[in-house]
Amino acid sequence: MHIPEGLLDLWIVIPLWIVTIGYGSLSLFKIKKTIKEDQVAIVSVITAMVFALQMLNFPIAAGTSGHFLGFILMAILISPSAAFIMISVVLIIQAFIFADGGIIALGANIFNMGIATLPGYFAYWSIRKKSKDFSTGDKIYTRYLLIATFVGAYVSLIVAATICGIEVGLSSSFPFGISYTVPTMLGYHLLIAIGEGLITTVIVAFFHKYAPEYLPNFDETLIWS
């Protein structure tokens with residue numbers, strides 16, 4: 001899903017840069033108020049984990065690739081705003097140091113993996129809120145948590161892949177259009193998303209069992225944090 005240099009038209013790249021910078025500024029403002037000192041270590045560990053997992057790329061078409069995304073994992077353990085900053089750091093390092101994704105296309109890549117993924121978090125939040133009346137040790141709570149995690153991670157990757165396919169398909173440098181790019185991206189990512197969901201669910205299940213203090217209690221305002 002790392003879009004390389006020169007694949008997107010400027011009329012697509014520039015608006016995505018504007019949206020990305022605007023949302024990034026808002027996210028930085030939010031996390032300054034919400035991130036606690038004892039969360040710094042887990043933020044660093046999860047960011048490094050996602051960075052490593054994202055380096056395992058599977059070539060698809062037109063220079064794009066499929067891989068683990070990790071946004072929902074970050075959003076669940078910290079917050080959506082923090083997840084956006086964390087995923088941005090990962091993509092910036094990959095683009096500038098490892099040439100994984102274009103520099104000019106960086107705004108689009110951050111948008112796709114840090115903003116277009118938000119529907120996945122909404123799906124997670126919608127299912128997770130059904131567990132708010134149960135204690136953390138209740139089997140029903142655990143069931144809702146894990147189902148919400150899998151669905152959220154799956155949806156996030158599918159939406160991001162679809163948006164990426166639309167961007168590439170609408171660009172003049174790619175001659176086949178969205179009738180080719182979107183089905184191609186979805187064809188691969190419908191399977192990759194299962195892996196995304198399973199990996200994310202296993203990690204969240206681990207934290208639920210051994211370090212539940214890192215899983216925020218459900219809060220109606222959590223979706224906006």
# chains A, B, ... in the order shown; residues from 1 in each chain; ligands from 1
call {"tool": "residues_around", "arguments": {"residues": "Val89 (chain A)", "least_positions_apart": "6", "cutoff": "10 Å", "atoms": "only C-alpha atoms", "output": "compact mmCIF listing (two decimals) with N, CA, C and O atoms, in the first residue's frame"}}
result
# COMPACT_ATOMS: atom_id res chain seq x y z
N THR A 47 4.99 1.17 18.17
CA THR A 47 5.44 1.82 16.94
C THR A 47 6.55 1.00 16.28
O THR A 47 6.53 0.78 15.05
N PHE A 51 6.36 -0.91 12.70
CA PHE A 51 7.40 -0.60 11.72
C PHE A 51 8.00 -1.89 11.16
O PHE A 51 8.16 -2.06 9.94
N ALA A 83 -2.45 7.06 17.27
CA ALA A 83 -2.20 6.10 16.19
C ALA A 83 -1.81 6.82 14.90
O ALA A 83 -0.94 6.37 14.16
N ALA A 95 9.95 6.06 4.17
CA ALA A 95 10.11 6.79 2.91
C ALA A 95 11.49 7.41 2.79
O ALA A 95 12.13 7.30 1.73
N ILE A 110 0.20 8.51 4.12
CA ILE A 110 -0.22 8.76 5.50
C ILE A 110 -1.74 8.87 5.57
O ILE A 110 -2.38 8.34 6.49
call {"tool": "select_by_dssp", "arguments": {"residues": "region 57-111 of chain A", "states": "strand (DSSP E)", "output": "compact mmCIF listing (two decimals) with N, CA, C and O atoms, in the first residue's frame"}}
result
# COMPACT_ATOMS: atom_id res chain seq x y z
N PHE A 58 4.26 -7.28 0.22
CA PHE A 58 3.88 -8.22 -0.84
C PHE A 58 3.53 -7.42 -2.08
O PHE A 58 2.53 -6.69 -2.08
N PRO A 59 4.34 -7.48 -3.16
CA PRO A 59 4.06 -6.70 -4.38
C PRO A 59 2.68 -7.03 -4.95
O PRO A 59 2.28 -8.18 -4.98
N SER A 65 2.04 -2.10 -2.89
CA SER A 65 2.31 -3.32 -2.16
C SER A 65 1.27 -3.53 -1.07
O SER A 65 0.57 -2.61 -0.67
N GLY A 66 1.17 -4.77 -0.62
CA GLY A 66 0.28 -5.10 0.49
C GLY A 66 1.11 -5.48 1.70
O GLY A 66 2.18 -6.07 1.56
call {"tool": "select_by_dssp", "arguments": {"residues": "region 106-182 of chain A", "states": "helix (DSSP H, G or I)", "output": "MDAnalysis selection string"}}
result
chainID A and resid 106:114 118:131 139:170 178:182
call {"tool": "closest_residue", "arguments": {"among": "A:Leu69, A:Leu118, A:Ile203, A:Met113", "to": "Ala52 (chain A)", "atoms": "only C-alpha atoms"}}
result
A:Leu69
call {"tool": "atom_distance", "arguments": {"atom1": "CA of Ala153 (chain A)", "atom2": "CA of Asn217 (chain A)"}}
result
18.9 Å
call {"tool": "residues_around", "arguments": {"residues": "Asp9 (chain A)", "least_positions_apart": "6", "cutoff": "9 Å", "atoms": "only C-alpha atoms", "output": "number ranges by chain"}}
result
A: 167-168, 170-173
call {"tool": "closest_residue", "arguments": {"among": "A:Leu190, A:Val19, A:Val90, A:Ile35", "to": "Gln54 (chain A)", "atoms": "only C-alpha atoms"}}
result
A:Val90
call {"tool": "residues_around", "arguments": {"residues": "region 39-46 of chain A", "least_positions_apart": "6", "cutoff": "8 Å", "atoms": "only C-alpha atoms", "output": "ChimeraX atom specification"}}
result
/A:74,78,86
call {"tool": "closest_residue", "arguments": {"among": "A:Ala160, A:Ile85, A:Ile103, A:Leu186", "to": "Ser25 (chain A)", "atoms": "only C-alpha atoms"}}
result
A:Ile85
call {"tool": "closest_residue", "arguments": {"among": "A:Met55, A:Pro80, A:Met1, A:Phe207", "to": "Phe98 (chain A)", "atoms": "only C-alpha atoms"}}
result
A:Met55
call {"tool": "closest_residue", "arguments": {"among": "A:Ser156, A:Ser81, A:Ser88, A:Thr200", "to": "Ala108 (chain A)", "atoms": "only C-alpha atoms"}}
result
A:Ser88
call {"tool": "residues_around", "arguments": {"residues": "Gly165 (chain A)", "least_positions_apart": "2", "cutoff": "8 Å", "atoms": "only C-alpha atoms", "output": "tab-separated table (two decimals) with N, CA and C atoms, in the first residue's frame"}}
result
chain	number	residue	atom	x	y	z
A	161	ALA	N	-7.22	0.04	1.35
A	161	ALA	CA	-6.86	-0.53	0.05
A	161	ALA	C	-7.76	0.00	-1.05
A	162	THR	N	-9.04	0.17	-0.74
A	162	THR	CA	-9.98	0.70	-1.73
A	162	THR	C	-9.64	2.13	-2.10
A	163	ILE	N	-9.37	2.95	-1.09
A	163	ILE	CA	-9.01	4.35	-1.33
A	163	ILE	C	-7.72	4.44	-2.14
A	167	GLU	N	-7.20	6.20	-5.85
A	167	GLU	CA	-6.20	7.24	-6.11
A	167	GLU	C	-5.33	6.87	-7.31
A	168	VAL	N	-4.86	5.63	-7.32
A	168	VAL	CA	-4.00	5.19	-8.43
A	168	VAL	C	-4.80	5.13	-9.73
A	169	GLY	N	-6.01	4.62	-9.67
A	169	GLY	CA	-6.82	4.48	-10.86
A	169	GLY	C	-7.22	5.79	-11.50
A	178	ILE	N	-9.84	2.91	-12.48
A	178	ILE	CA	-10.27	2.28	-11.22
A	178	ILE	C	-10.96	0.94	-11.45
A	181	THR	N	-7.74	-1.05	-10.91
A	181	THR	CA	-6.98	-0.89	-9.68
A	181	THR	C	-7.76	-1.30	-8.44
A	182	VAL	N	-9.03	-0.91	-8.36
A	182	VAL	CA	-9.80	-1.24	-7.15
A	182	VAL	C	-10.01	-2.75	-6.99
A	184	THR	N	-8.22	-5.10	-8.21
A	184	THR	CA	-6.91	-5.72	-7.98
A	184	THR	C	-6.48	-5.55	-6.53
A	185	MET	N	-6.61	-4.32	-6.01
A	185	MET	CA	-6.25	-4.07	-4.62
A	185	MET	C	-7.12	-4.89	-3.66
call {"tool": "atom_distance", "arguments": {"atom1": "CA of Val202 (chain A)", "atom2": "CA of Phe134 (chain A)"}}
result
21.0 Å
